[in-house]
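A.B. asks: Would you mind keeping the following structure in view while I ask a few things?
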Amino acid sequence: MAEVLSQSQIDALLNAARSGEMNLDAPAEKSSEQKYRKYDFYSPRKFTKDRLKMLNSIFESYARVINSRINAVLHATCEIEVDSVEEQRYYEFGNALTESDVVALAKIDLERLQGEDPILVHLDTPVVLSMLDRMMGGEGDPDSSLPSDYSMTDLELNMYEDLMADLIPIMGNSWENYITIQFDYVRTEVNPTLVQLIGYDETVVIVGLNIKFPNCTGRMSLCLPGEMLTNIFTEISKSTSRRVTGEDKSEEIFDSLRESELEIVAELARTRILLSDLYHLNVGDVVDIKRPKDAPVFLNIGGRRWFDGRMGTSNKQVAVKIGETYIKT
């Protein structure tokens with residue numbers, strides 16, 4: 001509870017101020033006490049800092065990919081960077097939406113990991129209109145007379161859906177270092193304030209991307225359901241655990257390799273001739289290989305010399321009797 005001053009203390013402060021003993025313009029002394037962020041026990045955090053850092057790294061990669069994609073499609077210079085990755089409740093995302101906003105819905109191809117809640121992707125209306133203007137051959141200049149509650153036309157909505165259907169599936173490439181999943185565009189939701197897409201108190205991770213064009217800036221927000229992320233992180237942990245604590249399968253692998261077929265090449269000798277001499281060779285001609293007739297034959301396996309031996313016959317067929325071994329098995 002704050003301390004309450006008595007009347008005498010108030011009078012003393014006023015007198016000190018009037019006499020100039022107290023400098024009212026002096027800045028207040030900074031407290032040396034370290035400030036900590038308050039923890040909300042009603043809404044405990046589900047994801048650790050390491051998980052959020054992983055998501056930040058994933059979407060930094062995604063930002064680079066769609067940056068190149070947008071530059072190629074719109075023929076414009078664009079910069080996209082990750083601004084924030086925060087765990088929130090869905091109402092933090094939903095309360096920022098208006099009746100005129102348009103939200104794209106997406107999902108992953110693994111239904112057992114997706115859960116019931118969809119992935120939501122929102123682009124600021126001015127930057128969307130700037131991008132659509134560029135797609136139609138314009139310069140993408142923002143319209144200063146555009147009302148804040150502007151609603152897209154049917155044509156703009158169709159173009160917006162095509163744009164989202166192109167950008168959302170690329171997201172799967174950013175997860176390849178951790179898990180193989182594909183992201184699919186589902187549909188576009190107009191006036192998302194009338195639809196209960198995710199429960200207001202559900203945990204989500206909101207990823208914010210800043211989009212900068214030379215004449216327009218905006219923000220792209222992705223709302224990732226907490227249930228889906230929990231399932232994905234669990235799957236990643238399982239696969240990592242299997243790689244670390246997996247059983248030794250070396251004998252089983254070697255048994256299977258024993259049945260593999262390998263090509264053995266018997267090499268009598270190597271020599272060089274001119275292309276003109278090769279062109280004039282005929283049946284019955286002799287090529288000097290500059291080796292004695294009783295010289296050993298080399299046996300090459302997989303392009304490497306393993307044995308040498310002597311030419312002979314076995315069961316009336318040409319054979320090589322192995323002599324010296326060059327590679328120890």
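For the structure tokens, the naming scheme is as follows: chains receive sequential letters (A, B, ...) according to their order of presentation, residues are indexed from 1 within each chain, and ligands are indexed from 1 in presentation order.
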Compile the contact shell of segment 128-142 of chain A as an mmCIF file with all heavy atoms, in the first residue's frame: residues with an atom at most 12 Å away, counting only C-alpha atoms, same-chain residues fewer than 3 positions apart removed.

C.D. replies:
data_model
loop_
_atom_site.group_PDB
_atom_site.id
_atom_site.type_symbol
_atom_site.label_atom_id
_atom_site.label_comp_id
_atom_site.auth_asym_id
_atom_site.auth_seq_id
_atom_site.Cartn_x
_atom_site.Cartn_y
_atom_site.Cartn_z
ATOM 1 N N ILE A 70 8.163 -13.227 -54.005
ATOM 2 C CA ILE A 70 7.399 -12.013 -54.269
ATOM 3 C C ILE A 70 8.148 -11.116 -55.242
ATOM 4 O O ILE A 70 7.559 -10.510 -56.142
ATOM 5 C CB ILE A 70 7.095 -11.282 -52.945
ATOM 6 C CG1 ILE A 70 6.077 -12.093 -52.125
ATOM 7 C CG2 ILE A 70 6.554 -9.876 -53.205
ATOM 8 C CD1 ILE A 70 5.770 -11.507 -50.771
ATOM 9 N N ASN A 71 9.459 -11.018 -55.074
ATOM 10 C CA ASN A 71 10.253 -10.211 -56.010
ATOM 11 C C ASN A 71 10.111 -10.714 -57.439
ATOM 12 O O ASN A 71 10.051 -9.931 -58.393
ATOM 13 C CB ASN A 71 11.728 -10.216 -55.597
ATOM 14 C CG ASN A 71 11.983 -9.410 -54.339
ATOM 15 O OD1 ASN A 71 11.160 -8.594 -53.953
ATOM 16 N ND2 ASN A 71 13.109 -9.642 -53.706
ATOM 17 N N ALA A 72 10.077 -12.049 -57.585
ATOM 18 C CA ALA A 72 9.963 -12.627 -58.926
ATOM 19 C C ALA A 72 8.573 -12.424 -59.509
ATOM 20 O O ALA A 72 8.426 -12.120 -60.697
ATOM 21 C CB ALA A 72 10.307 -14.109 -58.881
ATOM 22 N N VAL A 73 7.530 -12.584 -58.682
ATOM 23 C CA VAL A 73 6.159 -12.487 -59.182
ATOM 24 C C VAL A 73 5.775 -11.043 -59.475
ATOM 25 O O VAL A 73 5.142 -10.748 -60.496
ATOM 26 C CB VAL A 73 5.182 -13.109 -58.157
ATOM 27 C CG1 VAL A 73 3.731 -12.845 -58.563
ATOM 28 C CG2 VAL A 73 5.412 -14.612 -58.043
ATOM 29 N N LEU A 74 6.163 -10.137 -58.582
ATOM 30 C CA LEU A 74 5.730 -8.742 -58.714
ATOM 31 C C LEU A 74 6.734 -7.880 -59.468
ATOM 32 O O LEU A 74 6.436 -6.722 -59.758
ATOM 33 C CB LEU A 74 5.485 -8.139 -57.330
ATOM 34 C CG LEU A 74 4.483 -8.864 -56.429
ATOM 35 C CD1 LEU A 74 4.301 -8.099 -55.128
ATOM 36 C CD2 LEU A 74 3.145 -9.023 -57.126
ATOM 37 N N HIS A 75 7.925 -8.428 -59.741
ATOM 38 C CA HIS A 75 8.975 -7.651 -60.410
ATOM 39 C C HIS A 75 9.252 -6.354 -59.644
ATOM 40 O O HIS A 75 9.285 -5.260 -60.215
ATOM 41 C CB HIS A 75 8.587 -7.328 -61.859
ATOM 42 C CG HIS A 75 8.293 -8.536 -62.679
ATOM 43 N ND1 HIS A 75 9.279 -9.378 -63.148
ATOM 44 C CD2 HIS A 75 7.108 -9.066 -63.093
ATOM 45 C CE1 HIS A 75 8.720 -10.366 -63.844
ATOM 46 N NE2 HIS A 75 7.412 -10.205 -63.815
ATOM 47 N N ALA A 76 9.395 -6.499 -58.324
ATOM 48 C CA ALA A 76 9.624 -5.333 -57.473
ATOM 49 C C ALA A 76 10.608 -5.707 -56.380
ATOM 50 O O ALA A 76 10.770 -6.879 -56.040
ATOM 51 C CB ALA A 76 8.311 -4.859 -56.856
ATOM 52 N N THR A 77 11.273 -4.689 -55.847
ATOM 53 C CA THR A 77 12.202 -4.899 -54.736
ATOM 54 C C THR A 77 11.421 -4.934 -53.428
ATOM 55 O O THR A 77 10.688 -3.994 -53.112
ATOM 56 C CB THR A 77 13.248 -3.781 -54.685
ATOM 57 O OG1 THR A 77 13.931 -3.724 -55.932
ATOM 58 C CG2 THR A 77 14.240 -4.033 -53.570
ATOM 59 N N CYS A 78 11.567 -5.999 -52.704
ATOM 60 C CA CYS A 78 10.815 -6.188 -51.463
ATOM 61 C C CYS A 78 11.742 -6.732 -50.382
ATOM 62 O O CYS A 78 12.639 -7.527 -50.667
ATOM 63 C CB CYS A 78 9.651 -7.147 -51.710
ATOM 64 S SG CYS A 78 8.796 -7.697 -50.226
ATOM 65 N N ASP A 101 -11.263 -7.001 -42.787
ATOM 66 C CA ASP A 101 -10.057 -7.804 -42.982
ATOM 67 C C ASP A 101 -10.381 -9.120 -43.681
ATOM 68 O O ASP A 101 -11.521 -9.615 -43.640
ATOM 69 C CB ASP A 101 -9.368 -8.086 -41.648
ATOM 70 C CG ASP A 101 -8.553 -6.901 -41.156
ATOM 71 O OD1 ASP A 101 -8.000 -6.184 -42.001
ATOM 72 O OD2 ASP A 101 -8.498 -6.684 -39.936
ATOM 73 N N VAL A 102 -9.357 -9.671 -44.289
ATOM 74 C CA VAL A 102 -9.454 -10.969 -44.957
ATOM 75 C C VAL A 102 -8.367 -11.869 -44.388
ATOM 76 O O VAL A 102 -7.214 -11.453 -44.270
ATOM 77 C CB VAL A 102 -9.286 -10.833 -46.481
ATOM 78 C CG1 VAL A 102 -9.337 -12.197 -47.146
ATOM 79 C CG2 VAL A 102 -10.355 -9.920 -47.051
ATOM 80 N N VAL A 103 -8.733 -13.078 -44.015
ATOM 81 C CA VAL A 103 -7.792 -14.015 -43.409
ATOM 82 C C VAL A 103 -7.766 -15.297 -44.233
ATOM 83 O O VAL A 103 -8.822 -15.830 -44.600
ATOM 84 C CB VAL A 103 -8.186 -14.329 -41.941
ATOM 85 C CG1 VAL A 103 -7.282 -15.413 -41.370
ATOM 86 C CG2 VAL A 103 -8.093 -13.078 -41.086
ATOM 87 N N HIS A 122 -2.708 -13.463 -42.060
ATOM 88 C CA HIS A 122 -3.337 -12.158 -42.301
ATOM 89 C C HIS A 122 -2.317 -11.186 -42.860
ATOM 90 O O HIS A 122 -1.189 -11.098 -42.370
ATOM 91 C CB HIS A 122 -3.916 -11.595 -40.998
ATOM 92 C CG HIS A 122 -4.420 -10.191 -41.132
ATOM 93 N ND1 HIS A 122 -3.733 -9.109 -40.627
ATOM 94 C CD2 HIS A 122 -5.525 -9.700 -41.748
ATOM 95 C CE1 HIS A 122 -4.406 -8.004 -40.902
ATOM 96 N NE2 HIS A 122 -5.490 -8.324 -41.580
ATOM 97 N N LEU A 123 -2.712 -10.461 -43.904
ATOM 98 C CA LEU A 123 -1.899 -9.405 -44.505
ATOM 99 C C LEU A 123 -2.639 -8.085 -44.372
ATOM 100 O O LEU A 123 -3.857 -8.025 -44.596
ATOM 101 C CB LEU A 123 -1.633 -9.700 -45.981
ATOM 102 C CG LEU A 123 -0.434 -10.602 -46.313
ATOM 103 C CD1 LEU A 123 -0.523 -11.049 -47.760
ATOM 104 C CD2 LEU A 123 0.863 -9.889 -46.073
ATOM 105 N N ASP A 124 -1.912 -7.032 -44.008
ATOM 106 C CA ASP A 124 -2.533 -5.715 -43.944
ATOM 107 C C ASP A 124 -3.134 -5.355 -45.299
ATOM 108 O O ASP A 124 -2.512 -5.565 -46.351
ATOM 109 C CB ASP A 124 -1.509 -4.659 -43.531
ATOM 110 C CG ASP A 124 -1.086 -4.817 -42.075
ATOM 111 O OD1 ASP A 124 -1.789 -5.518 -41.337
ATOM 112 O OD2 ASP A 124 -0.056 -4.231 -41.692
ATOM 113 N N THR A 125 -4.344 -4.780 -45.274
ATOM 114 C CA THR A 125 -5.055 -4.457 -46.526
ATOM 115 C C THR A 125 -4.259 -3.531 -47.441
ATOM 116 O O THR A 125 -4.185 -3.781 -48.653
ATOM 117 C CB THR A 125 -6.421 -3.844 -46.209
ATOM 118 O OG1 THR A 125 -7.191 -4.773 -45.427
ATOM 119 C CG2 THR A 125 -7.186 -3.521 -47.481
ATOM 120 N N SER A 145 -6.651 8.100 -50.427
ATOM 121 C CA SER A 145 -8.090 8.280 -50.206
ATOM 122 C C SER A 145 -8.795 6.983 -49.815
ATOM 123 O O SER A 145 -10.017 6.965 -49.643
ATOM 124 C CB SER A 145 -8.735 8.844 -51.481
ATOM 125 O OG SER A 145 -8.603 7.930 -52.566
ATOM 126 N N LEU A 146 -8.040 5.905 -49.664
ATOM 127 C CA LEU A 146 -8.634 4.609 -49.342
ATOM 128 C C LEU A 146 -9.155 4.622 -47.909
ATOM 129 O O LEU A 146 -8.410 4.942 -46.976
ATOM 130 C CB LEU A 146 -7.589 3.499 -49.504
ATOM 131 C CG LEU A 146 -8.109 2.066 -49.500
ATOM 132 C CD1 LEU A 146 -8.854 1.778 -50.801
ATOM 133 C CD2 LEU A 146 -6.943 1.096 -49.349
ATOM 134 N N PRO A 147 -10.423 4.308 -47.679
ATOM 135 C CA PRO A 147 -10.951 4.301 -46.303
ATOM 136 C C PRO A 147 -10.354 3.168 -45.486
ATOM 137 O O PRO A 147 -9.924 2.143 -46.028
ATOM 138 C CB PRO A 147 -12.462 4.116 -46.505
ATOM 139 C CG PRO A 147 -12.592 3.444 -47.838
ATOM 140 C CD PRO A 147 -11.458 3.966 -48.673
ATOM 141 N N TYR A 150 -11.997 -0.376 -45.898
ATOM 142 C CA TYR A 150 -12.169 -0.785 -47.296
ATOM 143 C C TYR A 150 -12.344 -2.296 -47.396
ATOM 144 O O TYR A 150 -11.612 -3.073 -46.760
ATOM 145 C CB TYR A 150 -10.953 -0.347 -48.108
ATOM 146 C CG TYR A 150 -10.985 -0.813 -49.545
ATOM 147 C CD1 TYR A 150 -11.705 -0.116 -50.504
ATOM 148 C CD2 TYR A 150 -10.285 -1.955 -49.940
ATOM 149 C CE1 TYR A 150 -11.736 -0.527 -51.828
ATOM 150 C CE2 TYR A 150 -10.315 -2.380 -51.262
ATOM 151 C CZ TYR A 150 -11.045 -1.663 -52.193
ATOM 152 O OH TYR A 150 -11.074 -2.088 -53.498
ATOM 153 N N SER A 151 -13.325 -2.724 -48.183
ATOM 154 C CA SER A 151 -13.575 -4.143 -48.431
ATOM 155 C C SER A 151 -13.162 -4.484 -49.855
ATOM 156 O O SER A 151 -13.485 -3.743 -50.797
ATOM 157 C CB SER A 151 -15.056 -4.474 -48.216
ATOM 158 O OG SER A 151 -15.435 -4.235 -46.874
ATOM 159 N N MET A 152 -12.475 -5.599 -50.008
ATOM 160 C CA MET A 152 -11.983 -5.991 -51.324
ATOM 161 C C MET A 152 -13.127 -6.386 -52.247
ATOM 162 O O MET A 152 -14.142 -6.941 -51.811
ATOM 163 C CB MET A 152 -11.010 -7.167 -51.205
ATOM 164 C CG MET A 152 -9.730 -6.849 -50.474
ATOM 165 S SD MET A 152 -8.592 -8.249 -50.568
ATOM 166 C CE MET A 152 -7.354 -7.735 -49.366
ATOM 167 N N THR A 153 -12.927 -6.121 -53.530
ATOM 168 C CA THR A 153 -13.890 -6.540 -54.537
ATOM 169 C C THR A 153 -13.709 -8.035 -54.821
ATOM 170 O O THR A 153 -12.743 -8.664 -54.376
ATOM 171 C CB THR A 153 -13.696 -5.740 -55.830
ATOM 172 O OG1 THR A 153 -12.388 -6.032 -56.361
ATOM 173 C CG2 THR A 153 -13.791 -4.248 -55.548
ATOM 174 N N LEU A 155 -12.932 -9.430 -57.631
ATOM 175 C CA LEU A 155 -11.715 -9.639 -58.413
ATOM 176 C C LEU A 155 -10.483 -9.623 -57.516
ATOM 177 O O LEU A 155 -9.594 -10.470 -57.649
ATOM 178 C CB LEU A 155 -11.611 -8.564 -59.500
ATOM 179 C CG LEU A 155 -10.319 -8.576 -60.332
ATOM 180 C CD1 LEU A 155 -10.186 -9.896 -61.083
ATOM 181 C CD2 LEU A 155 -10.289 -7.394 -61.312
ATOM 182 N N GLU A 156 -10.431 -8.672 -56.608
ATOM 183 C CA GLU A 156 -9.286 -8.586 -55.692
ATOM 184 C C GLU A 156 -9.218 -9.797 -54.784
ATOM 185 O O GLU A 156 -8.127 -10.291 -54.481
ATOM 186 C CB GLU A 156 -9.387 -7.297 -54.880
ATOM 187 C CG GLU A 156 -9.155 -6.036 -55.710
ATOM 188 C CD GLU A 156 -9.506 -4.770 -54.958
ATOM 189 O OE1 GLU A 156 -10.245 -4.856 -53.953
ATOM 190 O OE2 GLU A 156 -9.050 -3.694 -55.370
ATOM 191 N N LEU A 157 -10.360 -10.299 -54.363
ATOM 192 C CA LEU A 157 -10.386 -11.497 -53.520
ATOM 193 C C LEU A 157 -9.852 -12.713 -54.277
ATOM 194 O O LEU A 157 -9.109 -13.530 -53.718
ATOM 195 C CB LEU A 157 -11.799 -11.768 -53.020
ATOM 196 C CG LEU A 157 -12.316 -10.874 -51.892
ATOM 197 C CD1 LEU A 157 -13.779 -11.178 -51.589
ATOM 198 C CD2 LEU A 157 -11.471 -11.062 -50.632
ATOM 199 N N ASN A 158 -10.231 -12.841 -55.544
ATOM 200 C CA ASN A 158 -9.737 -13.969 -56.346
ATOM 201 C C ASN A 158 -8.227 -13.892 -56.523
ATOM 202 O O ASN A 158 -7.518 -14.908 -56.421
ATOM 203 C CB ASN A 158 -10.422 -13.989 -57.713
ATOM 204 C CG ASN A 158 -11.866 -14.421 -57.631
ATOM 205 O OD1 ASN A 158 -12.257 -15.133 -56.701
ATOM 206 N ND2 ASN A 158 -12.680 -13.988 -58.584
ATOM 207 N N MET A 159 -7.722 -12.697 -56.765
ATOM 208 C CA MET A 159 -6.276 -12.535 -56.907
ATOM 209 C C MET A 159 -5.566 -12.774 -55.578
ATOM 210 O O MET A 159 -4.470 -13.352 -55.534
ATOM 211 C CB MET A 159 -5.963 -11.131 -57.441
ATOM 212 C CG MET A 159 -6.493 -10.866 -58.833
ATOM 213 S SD MET A 159 -6.119 -9.198 -59.416
ATOM 214 C CE MET A 159 -4.329 -9.270 -59.509
ATOM 215 N N TYR A 160 -6.190 -12.336 -54.487
ATOM 216 C CA TYR A 160 -5.625 -12.558 -53.158
ATOM 217 C C TYR A 160 -5.541 -14.057 -52.853
ATOM 218 O O TYR A 160 -4.547 -14.540 -52.304
ATOM 219 C CB TYR A 160 -6.483 -11.848 -52.116
ATOM 220 C CG TYR A 160 -6.074 -12.103 -50.683
ATOM 221 C CD1 TYR A 160 -5.006 -11.421 -50.105
ATOM 222 C CD2 TYR A 160 -6.754 -13.034 -49.898
ATOM 223 C CE1 TYR A 160 -4.629 -11.656 -48.793
ATOM 224 C CE2 TYR A 160 -6.393 -13.265 -48.594
ATOM 225 C CZ TYR A 160 -5.330 -12.584 -48.044
ATOM 226 O OH TYR A 160 -4.957 -12.821 -46.748
ATOM 227 N N GLU A 161 -6.570 -14.807 -53.202
ATOM 228 C CA GLU A 161 -6.567 -16.256 -52.979
ATOM 229 C C GLU A 161 -5.462 -16.930 -53.782
ATOM 230 O O GLU A 161 -4.789 -17.842 -53.275
ATOM 231 C CB GLU A 161 -7.933 -16.832 -53.355
ATOM 232 C CG GLU A 161 -9.048 -16.434 -52.397
ATOM 233 C CD GLU A 161 -10.407 -16.922 -52.870
ATOM 234 O OE1 GLU A 161 -10.487 -17.448 -54.006
ATOM 235 O OE2 GLU A 161 -11.384 -16.766 -52.117
ATOM 236 N N ASP A 162 -5.266 -16.497 -55.026
ATOM 237 C CA ASP A 162 -4.180 -17.058 -55.838
ATOM 238 C C ASP A 162 -2.819 -16.758 -55.212
ATOM 239 O O ASP A 162 -1.919 -17.604 -55.229
ATOM 240 C CB ASP A 162 -4.237 -16.489 -57.256
ATOM 241 C CG ASP A 162 -5.454 -16.964 -58.025
ATOM 242 O OD1 ASP A 162 -6.029 -17.993 -57.631
ATOM 243 O OD2 ASP A 162 -5.836 -16.293 -59.010
ATOM 244 N N LEU A 163 -2.679 -15.558 -54.659
ATOM 245 C CA LEU A 163 -1.418 -15.178 -54.025
ATOM 246 C C LEU A 163 -1.148 -16.033 -52.790
ATOM 247 O O LEU A 163 -0.045 -16.542 -52.590
ATOM 248 C CB LEU A 163 -1.458 -13.695 -53.644
ATOM 249 C CG LEU A 163 -0.190 -13.109 -53.008
ATOM 250 C CD1 LEU A 163 0.978 -13.176 -53.990
ATOM 251 C CD2 LEU A 163 -0.434 -11.676 -52.562
ATOM 252 N N MET A 164 -2.171 -16.237 -51.952
ATOM 253 C CA MET A 164 -2.011 -17.050 -50.746
ATOM 254 C C MET A 164 -1.770 -18.528 -51.102
ATOM 255 O O MET A 164 -0.987 -19.214 -50.444
ATOM 256 C CB MET A 164 -3.258 -16.933 -49.859
ATOM 257 C CG MET A 164 -3.425 -15.596 -49.173
ATOM 258 S SD MET A 164 -2.139 -15.276 -47.936
ATOM 259 C CE MET A 164 -1.049 -14.193 -48.844
ATOM 260 N N ILE A 211 6.879 -6.367 -44.059
ATOM 261 C CA ILE A 211 7.042 -6.348 -45.513
ATOM 262 C C ILE A 211 7.278 -4.907 -45.938
ATOM 263 O O ILE A 211 6.463 -4.025 -45.629
ATOM 264 C CB ILE A 211 5.804 -6.924 -46.227
ATOM 265 C CG1 ILE A 211 5.531 -8.350 -45.742
ATOM 266 C CG2 ILE A 211 5.981 -6.900 -47.730
ATOM 267 C CD1 ILE A 211 4.292 -8.976 -46.351
ATOM 268 N N LYS A 212 8.378 -4.668 -46.630
ATOM 269 C CA LYS A 212 8.738 -3.308 -47.030
ATOM 270 C C LYS A 212 8.946 -3.247 -48.536
ATOM 271 O O LYS A 212 9.822 -3.921 -49.081
ATOM 272 C CB LYS A 212 10.020 -2.855 -46.320
ATOM 273 C CG LYS A 212 9.898 -2.784 -44.806
ATOM 274 C CD LYS A 212 11.216 -2.345 -44.175
ATOM 275 C CE LYS A 212 11.116 -2.302 -42.659
ATOM 276 N NZ LYS A 212 12.407 -1.905 -42.032
ATOM 277 N N PHE A 213 8.095 -2.446 -49.203
ATOM 278 C CA PHE A 213 8.287 -2.080 -50.598
ATOM 279 C C PHE A 213 8.827 -0.649 -50.646
ATOM 280 O O PHE A 213 8.736 0.080 -49.647
ATOM 281 C CB PHE A 213 6.964 -2.171 -51.365
ATOM 282 C CG PHE A 213 6.486 -3.571 -51.613
ATOM 283 C CD1 PHE A 213 5.519 -4.141 -50.804
ATOM 284 C CD2 PHE A 213 7.004 -4.312 -52.654
ATOM 285 C CE1 PHE A 213 5.079 -5.431 -51.025
ATOM 286 C CE2 PHE A 213 6.569 -5.612 -52.888
ATOM 287 C CZ PHE A 213 5.611 -6.170 -52.066
ATOM 288 N N PRO A 214 9.378 -0.204 -51.751
ATOM 289 C CA PRO A 214 9.888 1.168 -51.820
ATOM 290 C C PRO A 214 8.821 2.221 -51.510
ATOM 291 O O PRO A 214 9.135 3.282 -50.975
ATOM 292 C CB PRO A 214 10.380 1.290 -53.267
ATOM 293 C CG PRO A 214 10.708 -0.112 -53.678
ATOM 294 C CD PRO A 214 9.712 -0.965 -52.975
ATOM 295 N N ASN A 215 7.560 1.941 -51.841
ATOM 296 C CA ASN A 215 6.508 2.931 -51.642
ATOM 297 C C ASN A 215 5.395 2.469 -50.707
ATOM 298 O O ASN A 215 4.366 3.125 -50.586
ATOM 299 C CB ASN A 215 5.878 3.311 -52.990
ATOM 300 C CG ASN A 215 5.401 2.078 -53.754
ATOM 301 O OD1 ASN A 215 5.548 0.963 -53.275
ATOM 302 N ND2 ASN A 215 4.855 2.292 -54.936
ATOM 303 N N CYS A 216 5.599 1.331 -50.026
ATOM 304 C CA CYS A 216 4.539 0.809 -49.160
ATOM 305 C C CYS A 216 5.144 -0.164 -48.156
ATOM 306 O O CYS A 216 6.072 -0.915 -48.473
ATOM 307 C CB CYS A 216 3.465 0.115 -50.005
ATOM 308 S SG CYS A 216 2.096 -0.559 -49.047
ATOM 309 N N THR A 217 4.630 -0.131 -46.949
ATOM 310 C CA THR A 217 5.051 -1.074 -45.920
ATOM 311 C C THR A 217 3.818 -1.704 -45.295
ATOM 312 O O THR A 217 2.732 -1.108 -45.284
ATOM 313 C CB THR A 217 5.882 -0.390 -44.818
ATOM 314 O OG1 THR A 217 5.094 0.636 -44.191
ATOM 315 C CG2 THR A 217 7.155 0.210 -45.396
ATOM 316 N N GLY A 218 3.990 -2.901 -44.762
ATOM 317 C CA GLY A 218 2.877 -3.585 -44.126
ATOM 318 C C GLY A 218 3.364 -4.728 -43.271
ATOM 319 O O GLY A 218 4.565 -4.902 -43.049
ATOM 320 N N ARG A 219 2.429 -5.516 -42.809
ATOM 321 C CA ARG A 219 2.756 -6.596 -41.886
ATOM 322 C C ARG A 219 1.991 -7.855 -42.277
ATOM 323 O O ARG A 219 0.822 -7.793 -42.661
ATOM 324 C CB ARG A 219 2.398 -6.190 -40.453
ATOM 325 C CG ARG A 219 2.785 -7.204 -39.370
ATOM 326 C CD ARG A 219 2.418 -6.657 -38.000
ATOM 327 N NE ARG A 219 2.701 -7.593 -36.932
ATOM 328 C CZ ARG A 219 3.868 -7.708 -36.328
ATOM 329 N NH1 ARG A 219 4.868 -6.922 -36.708
ATOM 330 N NH2 ARG A 219 4.064 -8.571 -35.356
ATOM 331 N N MET A 220 2.680 -8.957 -42.170
ATOM 332 C CA MET A 220 2.082 -10.276 -42.388
ATOM 333 C C MET A 220 2.116 -11.012 -41.061
ATOM 334 O O MET A 220 3.170 -11.148 -40.440
ATOM 335 C CB MET A 220 2.855 -11.055 -43.459
ATOM 336 C CG MET A 220 2.318 -12.437 -43.748
ATOM 337 S SD MET A 220 3.303 -13.267 -45.058
ATOM 338 C CE MET A 220 2.381 -14.789 -45.268
#

A.B. asks: Applying 9 Å and only C-alpha atoms, which residues near segment 81-97 of chain A remain after dropping the ones on its own chain fewer than 4 positions away? List them as an MDAnalysis selection string.

C.D. replies: chainID A and resid 43 45:47 52:53 55:56 59:60 63:64 67 101:102 122 191:193 198:212 221 223 225:226

A.B. asks: Using the selection just defined, write its residues with C-alpha atoms as a compact mmCIF listing (two decimals), in the first residue's frame.

C.D. replies:
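Saved result, out-v5.txt, follows:
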# COMPACT_ATOMS: atom_id res chain seq x y z
CA SER A 43 -2.22 -18.52 -18.46
CA ARG A 45 3.45 -20.61 -20.95
CA LYS A 46 3.41 -23.80 -23.03
CA PHE A 47 6.52 -23.21 -25.13
CA LEU A 52 10.33 -19.97 -29.83
CA LYS A 53 13.91 -19.52 -31.06
CA LEU A 55 10.26 -21.02 -34.74
CA ASN A 56 12.10 -17.73 -35.23
CA PHE A 59 10.31 -18.30 -40.23
CA GLU A 60 13.48 -16.35 -40.96
CA ALA A 63 10.86 -14.90 -44.98
CA ARG A 64 13.89 -15.27 -47.27
CA ASN A 67 10.99 -12.55 -50.33
CA ASP A 101 -10.06 -7.80 -42.98
CA VAL A 102 -9.45 -10.97 -44.96
CA HIS A 122 -3.34 -12.16 -42.30
CA ASN A 191 -15.00 -10.66 -42.10
CA PRO A 192 -13.31 -13.04 -39.63
CA THR A 193 -14.88 -11.24 -36.66
CA ILE A 198 -10.12 -20.58 -32.72
CA GLY A 199 -11.22 -20.42 -29.08
CA TYR A 200 -10.46 -17.01 -27.54
CA ASP A 201 -8.45 -18.47 -24.66
CA GLU A 202 -6.59 -21.02 -26.80
CA THR A 203 -2.81 -20.76 -26.81
CA VAL A 204 -1.29 -19.69 -30.14
CA VAL A 205 2.05 -18.47 -31.40
CA ILE A 206 1.82 -15.26 -33.42
CA VAL A 207 4.63 -14.70 -35.94
CA GLY A 208 4.93 -11.17 -37.29
CA LEU A 209 6.72 -10.42 -40.57
CA ASN A 210 7.44 -6.88 -41.75
CA ILE A 211 7.04 -6.35 -45.51
CA LYS A 212 8.74 -3.31 -47.03
CA SER A 221 0.85 -12.14 -39.30
CA CYS A 223 -1.34 -17.45 -36.12
CA PRO A 225 -2.41 -23.09 -33.08
CA GLY A 226 -0.78 -24.24 -29.85

A.B. asks: With DSSP run on the backbone, what are the helix (DSSP H, G or I) residues within segment 78-310 of chain A? I'd like them as a VMD selection string.

C.D. replies: chain A and resid 90 to 94 111 to 114 125 to 135 154 to 167 169 to 175 192 to 194 226 to 245 250 to 258 275 to 279

A.B. asks: Write out as a list of chain:residue names which residues come within 6 Å of segment 298-303 of chain A when counting only C-alpha atoms, dropping same-chain ones fewer than 6 positions away.

C.D. replies: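 Counting only C-alpha atoms, the residues come to A:Ile264, A:Val265, A:Ala266, A:Glu267.
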
A.B. asks: Compile the contact shell of segment 106-120 of chain A as number ranges by chain: residues with an atom at most 9 Å away, counting only C-alpha atoms, same-chain residues fewer than 3 positions apart removed.

C.D. replies: A: 103, 168-169, 172, 181-187, 197-199, 221-232, 235

A.B. asks: Could you find all residues in segment 19-247 of chain A that DSSP calls strand (DSSP E) from the backbone, and write them as number ranges by chain?

C.D. replies: A: 79-89, 102-108, 119-123, 183-190, 203-213, 216-225

A.B. asks: Could you work out how far atom CA of Val127 of chain A lies from atom CA of Ile80 of chain A, giving the answer in Å with one decimal?

C.D. replies: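 Between atom CA of Ile80 of chain A and atom CA of Val127 of chain A the gap works out to 12.3 Å.
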
A.B. asks: What gap, in Å, lies between atom CA of Glu263 of chain A and atom CA of Val286 of chain A?

C.D. replies: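 These atoms are spaced 28.0 Å apart.
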
A.B. asks: Quick one: everything within 7 Å of Ser61 of chain A, counting only C-alpha atoms, minus sequence neighbours fewer than 4 positions away in the same chain. Send it as a ChimeraX atom specification.

C.D. replies: /A:57,65,174

A.B. asks: Atom CA of Gly323 of chain A to atom CA of Pro296 of chain A: how many Å, to one decimal?

C.D. replies: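 Those two atoms sit 8.6 Å apart.
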